[in-house]
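Q: start15.cif (mmCIF, C-alpha atoms) pasted underneath:
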```
data_target
loop_
_atom_site.label_atom_id
_atom_site.label_comp_id
_atom_site.auth_asym_id
_atom_site.auth_seq_id
_atom_site.Cartn_x
_atom_site.Cartn_y
_atom_site.Cartn_z
CA MET A 16 -55.84 5.04 54.19
CA VAL A 17 -56.89 3.22 57.30
CA SER A 18 -55.75 -0.36 57.79
CA LEU A 19 -57.65 -2.74 60.02
CA CYS A 20 -56.13 -5.43 62.19
CA TYR A 21 -58.10 -8.62 62.73
CA HIS A 22 -57.97 -11.39 65.31
CA GLU A 23 -58.19 -14.79 63.68
CA SER A 24 -59.99 -17.65 65.34
CA ARG A 25 -61.31 -21.05 64.34
CA ASP A 26 -64.80 -22.31 64.73
CA ASP A 27 -65.69 -25.75 65.96
CA GLY A 28 -65.21 -27.18 62.46
CA GLY A 29 -61.63 -25.90 62.28
CA ARG A 30 -62.43 -23.23 59.68
CA GLU A 31 -60.75 -19.86 59.95
CA ASN A 32 -63.05 -17.07 61.00
CA LYS A 33 -62.11 -13.38 60.78
CA GLN A 34 -63.73 -11.28 63.45
CA ARG A 35 -64.68 -7.67 63.02
CA PRO A 36 -61.77 -5.18 63.20
CA ILE A 37 -60.76 -4.25 66.71
CA VAL A 38 -57.51 -2.33 66.21
CA TRP A 39 -57.18 0.64 63.91
CA ALA A 40 -53.90 2.05 62.65
CA ALA A 41 -52.95 4.44 59.87
CA GLU A 42 -50.59 3.55 57.08
CA THR A 43 -47.39 5.53 57.21
CA GLY A 44 -45.74 7.50 54.45
CA ARG A 45 -48.69 9.35 52.94
CA HIS A 46 -49.60 12.11 55.39
CA ALA A 47 -47.69 13.74 58.20
CA VAL A 48 -50.47 12.89 60.68
CA ASN A 49 -50.02 9.22 59.85
CA ILE A 50 -46.67 9.13 61.64
CA ILE A 51 -48.81 8.50 64.72
CA GLN A 52 -50.45 5.11 65.09
CA TRP A 53 -54.07 6.16 65.35
CA SER A 54 -55.64 3.68 67.71
CA VAL A 55 -59.34 3.63 68.52
CA GLU A 56 -58.68 5.56 71.72
CA LEU A 57 -56.89 8.36 69.87
CA ARG A 58 -59.58 8.51 67.24
CA PHE A 59 -62.19 8.77 69.99
CA ALA A 60 -60.24 11.71 71.43
CA VAL A 61 -60.13 13.36 67.97
CA ALA A 62 -63.91 13.03 67.59
CA LEU A 63 -64.45 14.51 71.05
CA ALA A 64 -62.00 17.39 70.50
CA LEU A 65 -63.43 18.36 67.11
CA GLY A 66 -66.98 18.25 68.44
CA PHE A 67 -65.90 20.42 71.35
CA LEU A 68 -64.25 22.88 68.93
CA VAL A 69 -67.46 23.38 66.94
CA GLY A 70 -69.53 23.48 70.13
CA LEU A 71 -67.32 26.13 71.68
CA GLN A 72 -67.84 28.38 68.67
CA ARG A 73 -71.62 27.90 68.74
CA GLU A 74 -71.72 28.51 72.52
CA SER A 75 -69.81 31.79 72.16
CA LEU A 76 -72.26 32.92 69.49
CA ARG A 77 -75.22 32.12 71.71
CA PHE A 78 -73.80 34.30 74.51
CA GLU A 79 -72.97 37.15 72.13
CA GLN A 80 -76.26 37.29 70.22
CA ARG A 81 -78.63 35.55 72.64
CA HIS A 82 -80.09 33.49 69.84
CA LEU A 83 -81.90 30.19 70.18
CA LEU A 84 -79.39 27.64 68.90
CA LEU A 85 -79.54 23.90 68.45
CA GLY A 86 -76.80 23.34 70.98
CA GLY A 87 -73.56 24.53 72.43
CA VAL A 88 -70.41 23.36 74.12
CA ARG A 89 -71.97 20.08 75.33
CA THR A 90 -74.37 19.21 72.51
CA TYR A 91 -71.89 19.27 69.64
CA PRO A 92 -69.32 16.97 71.31
CA LEU A 93 -72.22 14.59 72.02
CA ILE A 94 -73.30 14.69 68.37
CA SER A 95 -69.72 13.96 67.30
CA LEU A 96 -69.49 11.04 69.73
CA PHE A 97 -72.87 9.83 68.49
CA GLY A 98 -71.43 9.70 64.98
CA PHE A 99 -68.35 7.89 66.30
CA GLY A 100 -70.53 5.33 68.11
CA CYS A 101 -72.72 4.74 65.06
CA ALA A 102 -69.62 4.16 62.93
CA TRP A 103 -68.32 1.67 65.51
CA LEU A 104 -71.62 -0.22 65.57
CA ASP A 105 -71.65 -0.25 61.78
CA HIS A 106 -68.28 -2.02 61.76
CA ALA A 107 -69.39 -4.30 64.54
CA GLY A 108 -72.08 -5.67 62.25
CA VAL A 109 -75.05 -3.41 63.00
CA GLY A 110 -75.10 -2.06 59.46
CA PHE A 111 -78.17 0.12 59.76
CA MET A 112 -76.86 2.24 62.65
CA LEU A 113 -74.86 4.74 60.59
CA PRO A 114 -77.68 5.80 58.23
CA LEU A 115 -80.17 5.61 61.11
CA GLY A 116 -77.96 7.87 63.25
CA LEU A 117 -77.63 10.39 60.41
CA LEU A 118 -81.40 10.35 59.95
CA ALA A 119 -81.88 11.00 63.66
CA VAL A 120 -79.61 14.07 63.52
CA ILE A 121 -81.44 15.33 60.42
CA VAL A 122 -84.76 15.05 62.28
CA LEU A 123 -83.28 16.84 65.30
CA ALA A 124 -81.91 19.62 63.08
CA GLY A 125 -85.26 19.94 61.32
CA MET A 126 -87.12 20.28 64.63
CA SER A 127 -84.66 22.95 65.72
CA TYR A 128 -85.10 24.85 62.47
CA PHE A 129 -88.91 24.91 62.68
CA ALA A 130 -88.76 25.97 66.34
CA LYS A 131 -86.42 28.81 65.37
CA MET A 132 -88.75 29.95 62.60
CA GLN A 133 -91.65 30.20 65.03
CA GLN A 134 -89.72 32.28 67.56
CA SER A 135 -87.80 34.61 65.25
CA GLU A 136 -87.57 35.86 61.69
CA ARG A 137 -84.18 34.24 61.05
CA PHE A 138 -84.20 31.57 58.36
CA GLY A 139 -80.55 30.58 58.23
CA ILE A 140 -79.64 26.90 58.52
CA THR A 141 -75.99 27.34 59.51
CA THR A 142 -76.42 25.84 62.98
CA GLU A 143 -78.37 22.86 61.71
CA THR A 144 -75.82 22.22 58.95
CA ALA A 145 -73.03 22.41 61.55
CA ALA A 146 -74.81 19.71 63.57
CA LEU A 147 -74.96 17.39 60.56
CA LEU A 148 -71.31 18.02 59.76
CA THR A 149 -70.37 17.33 63.38
CA PHE A 150 -72.05 13.91 63.18
CA ILE A 151 -70.14 13.16 59.97
CA ILE A 152 -66.88 14.36 61.55
CA GLY A 153 -67.40 11.98 64.46
CA ALA A 154 -68.06 9.05 62.11
CA LEU A 155 -65.07 9.87 59.89
CA ALA A 156 -62.79 10.05 62.93
CA LEU A 157 -63.18 6.26 63.02
CA LEU A 158 -63.70 5.42 59.37
CA ALA A 159 -61.18 7.56 57.46
CA ASP A 160 -57.65 8.93 57.59
CA VAL A 161 -57.51 11.27 60.57
CA TRP A 162 -56.66 14.29 58.41
CA VAL A 163 -60.16 14.13 56.85
CA PRO A 164 -62.19 14.78 60.04
CA MET A 165 -59.51 17.19 61.27
CA ALA A 166 -59.74 19.24 58.07
CA LEU A 167 -63.54 19.21 58.16
CA GLY A 168 -63.62 20.26 61.81
CA VAL A 169 -61.15 23.11 61.44
CA VAL A 170 -62.67 24.45 58.21
CA THR A 171 -66.19 24.22 59.67
CA THR A 172 -65.14 26.17 62.77
CA PHE A 173 -63.37 28.77 60.64
CA LEU A 174 -66.42 29.33 58.44
CA LEU A 175 -68.68 29.60 61.48
CA SER A 176 -66.35 32.06 63.23
CA GLU A 177 -65.58 34.35 60.31
CA LYS A 178 -69.13 35.12 59.23
CA ALA A 179 -68.79 38.91 59.45
CA GLN A 180 -65.43 39.00 57.67
CA LEU A 181 -66.64 36.73 54.87
CA GLU A 182 -69.79 38.79 54.35
CA ASN A 183 -67.76 42.03 54.25
CA ALA A 184 -65.39 40.51 51.70
CA VAL A 185 -68.33 39.54 49.49
CA LYS A 186 -69.76 43.07 49.71
CA LYS A 187 -66.45 44.52 48.53
CA LEU A 188 -66.24 42.28 45.47
CA ASN A 189 -66.34 44.09 42.18
CA GLN A 190 -69.25 42.42 40.39
CA VAL A 191 -67.73 42.89 36.94
CA GLU A 192 -64.49 41.22 38.04
CA PHE A 193 -66.36 38.47 39.82
CA LEU A 194 -68.54 37.71 36.80
CA ALA A 195 -65.44 37.68 34.57
CA ALA A 196 -63.84 35.09 36.83
CA VAL A 197 -67.03 33.00 36.91
CA LYS A 198 -67.28 33.09 33.11
CA PHE A 199 -63.67 31.99 32.79
CA LEU A 200 -64.17 29.09 35.19
CA LEU A 201 -67.39 28.03 33.47
CA VAL A 202 -65.72 28.12 30.07
CA THR A 203 -62.84 26.13 31.53
CA LEU A 204 -65.17 23.49 32.93
CA ILE A 205 -66.84 23.23 29.54
CA ILE A 206 -63.73 23.48 27.37
CA LEU A 207 -61.25 21.34 29.29
CA PRO A 208 -63.25 18.06 29.28
CA ALA A 209 -63.96 18.56 25.57
CA LEU A 210 -60.34 19.12 24.56
CA PRO A 211 -58.54 16.04 23.24
CA ASN A 212 -55.76 14.89 25.54
CA ARG A 213 -53.30 13.75 22.90
CA GLU A 214 -50.55 15.28 20.80
CA TYR A 215 -51.08 16.64 17.29
CA THR A 216 -48.65 17.43 14.48
CA ARG A 217 -44.94 16.95 14.63
CA PHE A 218 -44.78 19.83 17.12
CA GLU A 219 -46.52 17.57 19.68
CA LEU A 220 -49.21 20.09 20.63
CA ASN A 221 -51.63 18.76 23.25
CA PRO A 222 -54.76 20.99 23.51
CA ALA A 223 -55.73 19.74 26.99
CA GLU A 224 -52.21 20.26 28.30
CA ILE A 225 -52.02 23.78 26.85
CA TRP A 226 -55.32 24.80 28.42
CA LYS A 227 -54.28 23.38 31.80
CA ILE A 228 -51.18 25.59 31.69
CA VAL A 229 -53.36 28.58 30.76
CA VAL A 230 -55.59 27.91 33.78
CA LEU A 231 -52.56 27.53 36.07
CA VAL A 232 -50.94 30.81 34.96
CA ALA A 233 -54.28 32.66 35.12
CA SER A 234 -54.91 31.34 38.65
CA VAL A 235 -51.53 32.56 39.91
CA GLY A 236 -52.06 35.90 38.20
CA PHE A 237 -55.56 36.25 39.64
CA LEU A 238 -54.14 35.90 43.15
CA GLY A 239 -51.83 38.83 42.51
CA TYR A 240 -54.65 40.76 40.86
CA LEU A 241 -56.88 40.40 43.92
CA LEU A 242 -54.05 41.39 46.27
CA SER A 243 -53.31 44.43 44.16
CA ARG A 244 -56.96 45.49 44.05
CA ARG A 245 -57.54 44.96 47.77
CA LEU A 246 -54.26 46.34 49.13
CA GLY A 247 -53.28 48.94 46.57
CA GLY A 248 -54.78 51.86 48.50
CA LYS A 249 -53.23 50.74 51.78
CA ILE A 250 -49.65 49.74 50.97
CA GLY A 251 -48.59 52.45 48.54
CA LEU A 252 -47.60 52.41 44.88
CA TRP A 253 -44.22 50.75 45.31
CA LEU A 254 -45.63 47.76 47.21
CA SER A 255 -48.55 47.63 44.78
CA GLY A 256 -45.86 46.90 42.22
CA LEU A 257 -44.71 43.99 44.37
CA VAL A 258 -48.10 42.24 44.30
CA GLY A 259 -48.79 43.43 40.74
CA GLY A 260 -45.70 41.54 39.62
CA ILE A 261 -47.56 38.31 40.33
CA VAL A 262 -49.87 39.28 37.46
CA SER A 263 -47.47 40.80 34.92
CA SER A 264 -44.19 42.58 35.58
CA THR A 265 -44.19 44.03 32.06
CA ALA A 266 -47.65 45.56 32.53
CA VAL A 267 -46.65 47.02 35.91
CA THR A 268 -43.45 48.50 34.43
CA ILE A 269 -45.34 50.23 31.61
CA ALA A 270 -48.06 51.49 33.97
CA SER A 271 -45.46 52.76 36.46
CA GLY A 272 -43.61 54.62 33.70
CA ARG A 273 -46.83 56.36 32.72
CA ILE A 274 -47.51 57.30 36.36
CA ALA A 275 -44.00 58.76 36.65
CA ARG A 276 -44.55 60.81 33.49
CA ARG A 277 -47.92 62.19 34.68
CA ASN A 278 -46.76 62.82 38.27
CA PRO A 279 -43.00 63.47 38.37
CA GLU A 280 -43.11 63.86 42.17
CA ARG A 281 -44.11 60.19 42.37
CA GLY A 282 -41.41 59.06 39.95
CA ARG A 283 -39.19 57.43 42.57
CA SER A 284 -42.06 55.34 43.95
CA ALA A 285 -43.04 54.40 40.39
CA LEU A 286 -39.50 53.21 39.61
CA GLN A 287 -39.44 51.19 42.82
CA ALA A 288 -42.81 49.66 41.88
CA ALA A 289 -41.46 48.62 38.47
CA THR A 290 -38.28 47.14 39.97
CA LEU A 291 -40.19 45.20 42.63
CA ALA A 292 -42.61 43.84 40.02
CA CYS A 293 -39.66 42.60 37.97
CA SER A 294 -38.17 40.97 41.09
CA VAL A 295 -41.37 39.03 41.62
CA MET A 296 -41.20 37.71 38.05
CA TYR A 297 -38.43 35.27 39.02
CA ILE A 298 -40.37 33.91 41.99
CA ARG A 299 -43.54 33.60 39.92
CA LEU A 300 -41.66 31.64 37.27
CA LEU A 301 -40.09 29.42 39.92
CA VAL A 302 -43.53 28.52 41.29
CA LEU A 303 -44.90 27.77 37.82
CA LEU A 304 -41.87 25.68 36.87
CA ALA A 305 -42.05 23.73 40.13
CA ILE A 306 -45.58 22.68 39.13
CA ILE A 307 -45.05 22.10 35.40
CA SER A 308 -41.45 20.85 35.24
CA PRO A 309 -40.12 19.91 38.70
CA ALA A 310 -37.00 18.33 37.18
CA LEU A 311 -35.69 21.79 36.33
CA VAL A 312 -36.05 23.26 39.80
CA PRO A 313 -32.79 21.92 41.37
CA ALA A 314 -30.76 23.51 38.57
CA ILE A 315 -32.42 26.93 38.57
CA TRP A 316 -33.99 27.77 41.92
CA TRP A 317 -30.91 29.39 43.40
CA ARG A 318 -30.25 31.38 40.23
CA LEU A 319 -33.79 32.72 40.18
CA ALA A 320 -33.61 33.52 43.90
CA ALA A 321 -30.32 35.39 43.37
CA LEU A 322 -31.72 37.51 40.54
CA SER A 323 -34.87 38.25 42.52
CA GLY A 324 -32.72 39.27 45.50
CA ALA A 325 -30.64 41.53 43.25
CA GLY A 326 -33.83 43.29 42.17
CA LEU A 327 -34.87 43.80 45.79
CA LEU A 328 -31.47 45.36 46.57
CA LEU A 329 -31.89 47.74 43.63
CA THR A 330 -35.09 49.07 45.19
CA LEU A 331 -33.43 50.07 48.46
CA GLY A 332 -34.33 53.55 49.55
CA LYS A 333 -37.16 55.14 51.47
CA PRO A 334 -40.21 55.60 49.24
CA ARG A 335 -42.03 58.90 49.21
CA ALA A 336 -45.01 58.93 51.57
CA GLU A 337 -48.33 58.66 49.77
CA THR A 338 -51.94 59.00 50.73
CA GLY A 339 -54.22 56.02 50.35
CA GLU A 340 -55.96 57.68 47.41
CA ALA A 341 -52.72 58.44 45.65
CA ALA A 342 -51.36 55.00 46.32
CA ALA A 343 -54.30 53.48 44.50
CA ASP A 344 -53.25 55.17 41.27
CA ASP A 345 -54.00 53.17 38.16
CA LEU A 346 -51.67 50.29 37.47
CA HIS A 347 -54.47 49.18 35.12
CA LEU A 348 -53.83 45.49 35.58
CA GLN A 349 -56.09 43.27 33.51
CA ASN A 350 -58.06 40.55 35.23
CA PRO A 351 -56.21 37.32 34.31
CA PHE A 352 -59.48 35.39 34.55
CA GLU A 353 -61.00 37.29 31.65
CA LEU A 354 -61.32 35.12 28.57
CA LYS A 355 -59.45 37.43 26.17
CA PRO A 356 -56.03 37.42 27.95
CA ALA A 357 -56.36 33.68 28.52
CA LEU A 358 -56.91 33.05 24.81
CA ILE A 359 -54.01 35.38 23.94
CA PHE A 360 -51.75 33.44 26.31
CA ALA A 361 -52.86 30.13 24.76
CA ALA A 362 -52.16 31.48 21.25
CA LEU A 363 -48.72 32.78 22.23
CA PHE A 364 -47.89 29.52 23.99
CA THR A 365 -48.81 27.51 20.87
CA LEU A 366 -47.03 29.89 18.51
CA LEU A 367 -43.82 29.86 20.56
CA SER A 368 -43.94 26.07 20.93
CA VAL A 369 -43.98 25.79 17.14
CA ALA A 370 -41.39 28.55 16.69
CA SER A 371 -39.00 26.87 19.13
CA VAL A 372 -38.98 23.71 17.05
CA LEU A 373 -38.65 25.55 13.73
CA PHE A 374 -35.84 27.84 14.90
CA ARG A 375 -33.90 24.93 16.32
CA GLU A 376 -34.35 22.86 13.15
CA ALA A 377 -33.26 25.78 10.95
CA MET A 378 -30.35 27.16 13.00
CA GLY A 379 -29.64 24.61 15.71
CA ASN A 380 -29.16 25.69 19.29
CA ALA A 381 -28.28 29.22 18.17
CA GLY A 382 -31.72 29.54 16.62
CA LEU A 383 -33.45 28.67 19.89
CA LEU A 384 -31.27 31.14 21.79
CA SER A 385 -32.09 33.84 19.22
CA LEU A 386 -35.80 33.20 19.72
CA SER A 387 -35.22 33.47 23.49
CA ALA A 388 -33.81 36.96 23.08
CA LEU A 389 -36.73 38.02 20.88
CA SER A 390 -39.31 36.65 23.32
CA GLY A 391 -38.20 39.20 25.91
CA LEU A 392 -40.08 41.93 24.05
CA THR A 393 -43.22 40.93 25.97
CA ASP A 394 -44.14 38.74 28.94
CA ILE A 395 -41.89 35.70 28.86
CA ASP A 396 -44.23 33.26 30.60
CA PRO A 397 -45.59 31.75 27.35
CA PHE A 398 -42.10 31.20 25.96
CA VAL A 399 -40.55 29.78 29.14
CA LEU A 400 -43.46 27.43 29.80
CA SER A 401 -43.57 26.28 26.17
CA LEU A 402 -39.84 25.61 26.44
CA VAL A 403 -40.10 23.34 29.48
CA ARG A 404 -43.40 21.59 28.82
CA LYS A 405 -41.68 18.37 27.76
CA ALA A 406 -41.08 15.78 30.44
CA ALA A 407 -37.36 15.51 29.69
CA PRO A 408 -36.06 18.80 28.26
CA ILE A 409 -32.44 19.29 27.22
CA LEU A 410 -31.48 20.71 30.59
CA ASN A 411 -28.43 22.85 29.77
CA LEU A 412 -29.87 24.40 26.60
CA THR A 413 -33.27 24.95 28.23
CA VAL A 414 -31.75 26.77 31.20
CA LYS A 415 -29.60 28.98 28.96
CA ALA A 416 -32.60 29.86 26.79
CA MET A 417 -34.72 30.67 29.85
CA PHE A 418 -32.18 33.02 31.39
CA LEU A 419 -31.45 34.67 28.04
CA ALA A 420 -35.19 35.39 27.73
CA MET A 421 -35.22 36.83 31.27
CA MET A 422 -32.18 38.99 30.50
CA SER A 423 -33.78 40.30 27.32
CA ASN A 424 -37.06 40.97 29.14
CA THR A 425 -35.29 42.86 31.94
CA LEU A 426 -33.46 45.06 29.43
CA VAL A 427 -36.64 45.74 27.46
CA LYS A 428 -38.56 46.71 30.61
CA GLY A 429 -35.82 49.18 31.50
CA VAL A 430 -36.14 50.70 28.02
CA TYR A 431 -39.94 50.85 28.37
CA PHE A 432 -39.69 52.72 31.66
CA GLY A 433 -36.98 55.08 30.44
CA VAL A 434 -38.95 56.04 27.32
CA LEU A 435 -42.14 56.62 29.30
CA ALA A 436 -40.45 58.58 32.12
CA PRO A 437 -37.62 60.72 30.62
CA GLY A 438 -36.95 62.41 33.96
CA LEU A 439 -35.90 59.08 35.48
CA ARG A 440 -34.11 57.72 32.43
CA LYS A 441 -30.67 57.78 34.04
CA GLN A 442 -31.82 56.03 37.23
CA ALA A 443 -33.73 53.42 35.25
CA ALA A 444 -30.76 52.87 32.93
CA TRP A 445 -28.22 52.01 35.61
CA ARG A 446 -30.63 49.88 37.63
CA PHE A 447 -31.97 47.79 34.76
CA GLY A 448 -28.59 47.84 32.99
CA LEU A 449 -26.78 46.39 36.01
CA TRP A 450 -29.59 43.89 36.52
CA THR A 451 -29.31 42.79 32.87
CA ILE A 452 -25.56 42.22 33.22
CA LEU A 453 -26.11 40.07 36.31
CA HIS A 454 -27.91 37.52 34.10
CA VAL A 455 -24.78 36.82 32.07
CA PRO A 456 -22.98 34.56 34.60
CA PHE A 457 -26.11 32.42 34.98
CA ILE A 458 -26.32 32.01 31.19
CA LEU A 459 -22.67 31.01 30.93
CA LEU A 460 -22.78 28.51 33.79
CA PRO A 461 -22.63 24.90 32.57
#
```
Could you take the file, read its structure, and then write that structure out as structure tokens?
A:
Amino acid sequence: MVSLCYHESRDDGGRENKQRPIVWAAETGRHAVNIIQWSVELRFAVALALGFLVGLQRESLRFEQRHLLLGGVRTYPLISLFGFGCAWLDHAGVGFMLPLGLLAVIVLAGMSYFAKMQQSERFGITTETAALLTFIIGALALLADVWVPMALGVVTTFLLSEKAQLENAVKKLNQVEFLAAVKFLLVTLIILPALPNREYTRFELNPAEIWKIVVLVASVGFLGYLLSRRLGGKIGLWLSGLVGGIVSSTAVTIASGRIARRNPERGRSALQAATLACSVMYIRLLVLLAIISPALVPAIWWRLAALSGAGLLLTLGKPRAETGEAAADDLHLQNPFELKPALIFAALFTLLSVASVLFREAMGNAGLLSLSALSGLTDIDPFVLSLVRKAAPILNLTVKAMFLAMMSNTLVKGVYFGVLAPGLRKQAAWRFGLWTILHVPFILLP
């Protein structure tokens, strides 16, 4: 927030009179940029610099393409300063100047657009929109926290500069995947506001909270899915496993085992892909836990990092060279933003939340630990996140149950790979066996 400093004076009748603000400073403690005391002079410099940044980009485009543009390296700084001046006059008591200034820039942009239409067949309004944003950036440099105009200026310049790259990325999008993601987001926007945000039954199930966790996990998985789809043909099978592990290490392990069975000459790369995917599981869980249950992070981050590092060491060795086409072999990862896997995750999360309570009531702590071992038969995200969703979990028991689930899951993935790729059964056995044993000290730690 921006705090204003006033000079107090008294009128002839002795009454206090607050003048308009003349010194601007930022409150400390909220943003890193607020360590600096942002005076009017510094804010003026920010408005000028950001206007110059946008203007420089527009000027370079005019030289490259020889297009008629609204302005360049001088016009955009002037528009930014115009916005700054209008904001200053607004706070000085001339209240109509800010909307009037914005209207003036809109008229100027409109004139530029119609002139452009008459001289060429281009109908884009990017330049005109940039002019309007530059005016707003200049005004916000005085009116808001400095990070706001800075963020707007940098993002605007980035979007203007990366036109070709952004258009190429859009062309490469798989329409089926894109529509699946859009459907998921639309359903989320419809479902989430309609879900009751309170707990039901003695198991304390909160529908809104559960769906938020589903969206979070799907978002993280979708990032890995996109990386795998975009980079799979360039980085080879074993590194495809690395990014695929962000989606599902169990799915990557099974897919890699099938690849090794179909193409024995690629077995070593497939085993490395499976091991790397399993290494990423620990980092993925750490990220999710840091968001959902930050209180657990100090007790577990170093353990998760150690187990992930152990997995990386187990992958040491030069992978077999692969062509881009071969490297793109099917890991068959499912789009996490499709509705079906999201609903399955929500069902598993709810089921395991209930099971955790029932097992603990029936058999005490041993019951919960038994359920942890069983949960390793599939992806452990639903179990781990259902375990830590409470604000104040029983720390020691929760950590033991988490690492027991990870140990069980690591062992099961080794079995999956060994069954699917008999020729690599011995190599998979000692790697995943040793990795499983390394979990034991972290389970026994107090």
Q: Going by the chain IDs and residue numbers used in this file, which residues fall under the PyMOL selection byres ((chain A and resi 420) around 6)? Write them as a compact mmCIF listing (two decimals) with C-alpha atoms, in the coordinates of the input.
A:
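Listing of expr.txt after writing:
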```
# COMPACT_ATOMS: atom_id res chain seq x y z
CA SER A 387 -35.22 33.47 23.49
CA ALA A 388 -33.81 36.96 23.08
CA GLY A 391 -38.20 39.20 25.91
CA MET A 417 -34.72 30.67 29.85
CA PHE A 418 -32.18 33.02 31.39
CA LEU A 419 -31.45 34.67 28.04
CA MET A 421 -35.22 36.83 31.27
CA MET A 422 -32.18 38.99 30.50
CA SER A 423 -33.78 40.30 27.32
```
Q: Hey, which of A:Ala107, A:Gly86, A:Leu148, A:Gly70 ends up closest to A:Tyr128? Count all atoms listed in the file.
A: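 Closest residue, counting all atoms listed in the file: A:Gly86.
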Q: Can you list, as a PyMOL selection string, every protein, DNA or RNA residue that comes within 8 Å of A:Met112 when you count all atoms listed in the file, leaving out same-chain residues fewer than 4 positions away?
A: chain A and resi 101-102+104-105+116
Q: Which residue out of A:Thr268, A:Gln134, A:Thr216, A:Thr330 has the minimum interatomic distance to A:Val369 when only C-alpha atoms are used?
A: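 Result for the nearest residue to A:Val369: A:Thr216.
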Q: Mind giving me the axis-aligned box for stretch 147-162 of chain A with 5 Å on every side, centre plus edges in Å to one decimal, as JSON?
A:
```
{"center_x": -65.8, "center_y": 11.7, "center_z": 61.0, "size_x": 28.3, "size_y": 22.6, "size_z": 17.0}
```
Q: Could you state which residues are captured by the PyMOL selection byres ((chain A and resi 310-315) around 12) in this file, as a PDB file with C-alpha atoms, keeping the file's coordinate frame?
A:
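Contents of result-v2.pdb, as written:
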```pdb
ATOM      1  CA  TYR A 297     -38.430  35.270  39.020  1.00  0.00           C
ATOM      2  CA  ILE A 298     -40.370  33.910  41.990  1.00  0.00           C
ATOM      3  CA  LEU A 300     -41.660  31.640  37.270  1.00  0.00           C
ATOM      4  CA  LEU A 301     -40.090  29.420  39.920  1.00  0.00           C
ATOM      5  CA  VAL A 302     -43.530  28.520  41.290  1.00  0.00           C
ATOM      6  CA  LEU A 303     -44.900  27.770  37.820  1.00  0.00           C
ATOM      7  CA  LEU A 304     -41.870  25.680  36.870  1.00  0.00           C
ATOM      8  CA  ALA A 305     -42.050  23.730  40.130  1.00  0.00           C
ATOM      9  CA  ILE A 306     -45.580  22.680  39.130  1.00  0.00           C
ATOM     10  CA  ILE A 307     -45.050  22.100  35.400  1.00  0.00           C
ATOM     11  CA  SER A 308     -41.450  20.850  35.240  1.00  0.00           C
ATOM     12  CA  PRO A 309     -40.120  19.910  38.700  1.00  0.00           C
ATOM     13  CA  TRP A 316     -33.990  27.770  41.920  1.00  0.00           C
ATOM     14  CA  TRP A 317     -30.910  29.390  43.400  1.00  0.00           C
ATOM     15  CA  ARG A 318     -30.250  31.380  40.230  1.00  0.00           C
ATOM     16  CA  LEU A 319     -33.790  32.720  40.180  1.00  0.00           C
ATOM     17  CA  ALA A 320     -33.610  33.520  43.900  1.00  0.00           C
ATOM     18  CA  ALA A 321     -30.320  35.390  43.370  1.00  0.00           C
ATOM     19  CA  LEU A 322     -31.720  37.510  40.540  1.00  0.00           C
ATOM     20  CA  VAL A 399     -40.550  29.780  29.140  1.00  0.00           C
ATOM     21  CA  LEU A 400     -43.460  27.430  29.800  1.00  0.00           C
ATOM     22  CA  LEU A 402     -39.840  25.610  26.440  1.00  0.00           C
ATOM     23  CA  VAL A 403     -40.100  23.340  29.480  1.00  0.00           C
ATOM     24  CA  ARG A 404     -43.400  21.590  28.820  1.00  0.00           C
ATOM     25  CA  LYS A 405     -41.680  18.370  27.760  1.00  0.00           C
ATOM     26  CA  ALA A 406     -41.080  15.780  30.440  1.00  0.00           C
ATOM     27  CA  ALA A 407     -37.360  15.510  29.690  1.00  0.00           C
ATOM     28  CA  PRO A 408     -36.060  18.800  28.260  1.00  0.00           C
ATOM     29  CA  ILE A 409     -32.440  19.290  27.220  1.00  0.00           C
ATOM     30  CA  LEU A 410     -31.480  20.710  30.590  1.00  0.00           C
ATOM     31  CA  ASN A 411     -28.430  22.850  29.770  1.00  0.00           C
ATOM     32  CA  LEU A 412     -29.870  24.400  26.600  1.00  0.00           C
ATOM     33  CA  THR A 413     -33.270  24.950  28.230  1.00  0.00           C
ATOM     34  CA  VAL A 414     -31.750  26.770  31.200  1.00  0.00           C
ATOM     35  CA  LYS A 415     -29.600  28.980  28.960  1.00  0.00           C
ATOM     36  CA  MET A 417     -34.720  30.670  29.850  1.00  0.00           C
ATOM     37  CA  PHE A 418     -32.180  33.020  31.390  1.00  0.00           C
ATOM     38  CA  PHE A 457     -26.110  32.420  34.980  1.00  0.00           C
ATOM     39  CA  ILE A 458     -26.320  32.010  31.190  1.00  0.00           C
ATOM     40  CA  LEU A 460     -22.780  28.510  33.790  1.00  0.00           C
ATOM     41  CA  PRO A 461     -22.630  24.900  32.570  1.00  0.00           C
TER      42      PRO A 461
END
```
Q: Using all atoms listed in the file, pick whichever of A:Ser255, A:Gln52, A:Asn221, A:Ser127 has the shortest atom-to-atom distance to A:Tyr240.
A: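 Once distances to A:Tyr240 are computed over all atoms listed in the file, the minimum belongs to A:Ser255.
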Q: At what distance in Å, to one decimal, does atom CA of A:Phe364 lie from atom CA of A:Arg273?
A: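 Spanning atom CA of A:Arg273 to atom CA of A:Phe364 is a straight-line distance of 28.2 Å.
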Q: Atom CA of A:Phe59 and atom CA of A:Ala156, how far apart in Å?
A: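 Computing the Euclidean distance for atom CA of A:Ala156 and atom CA of A:Phe59 yields 7.2 Å.
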Q: Report as a ChimeraX atom specification all protein, DNA and RNA residues lying within 7 Å of A:Leu392, evaluated on only C-alpha atoms, omitting residues in the same chain fewer than 2 positions from it.
A: /A:389-390,424,427
Q: In terms of the shortest atom-to-atom distance over all atoms listed in the file, which of A:Ser284, A:Thr203, A:Asn212, A:Ser95 is closest to A:Leu157?
A: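 Closest candidate: A:Ser95.
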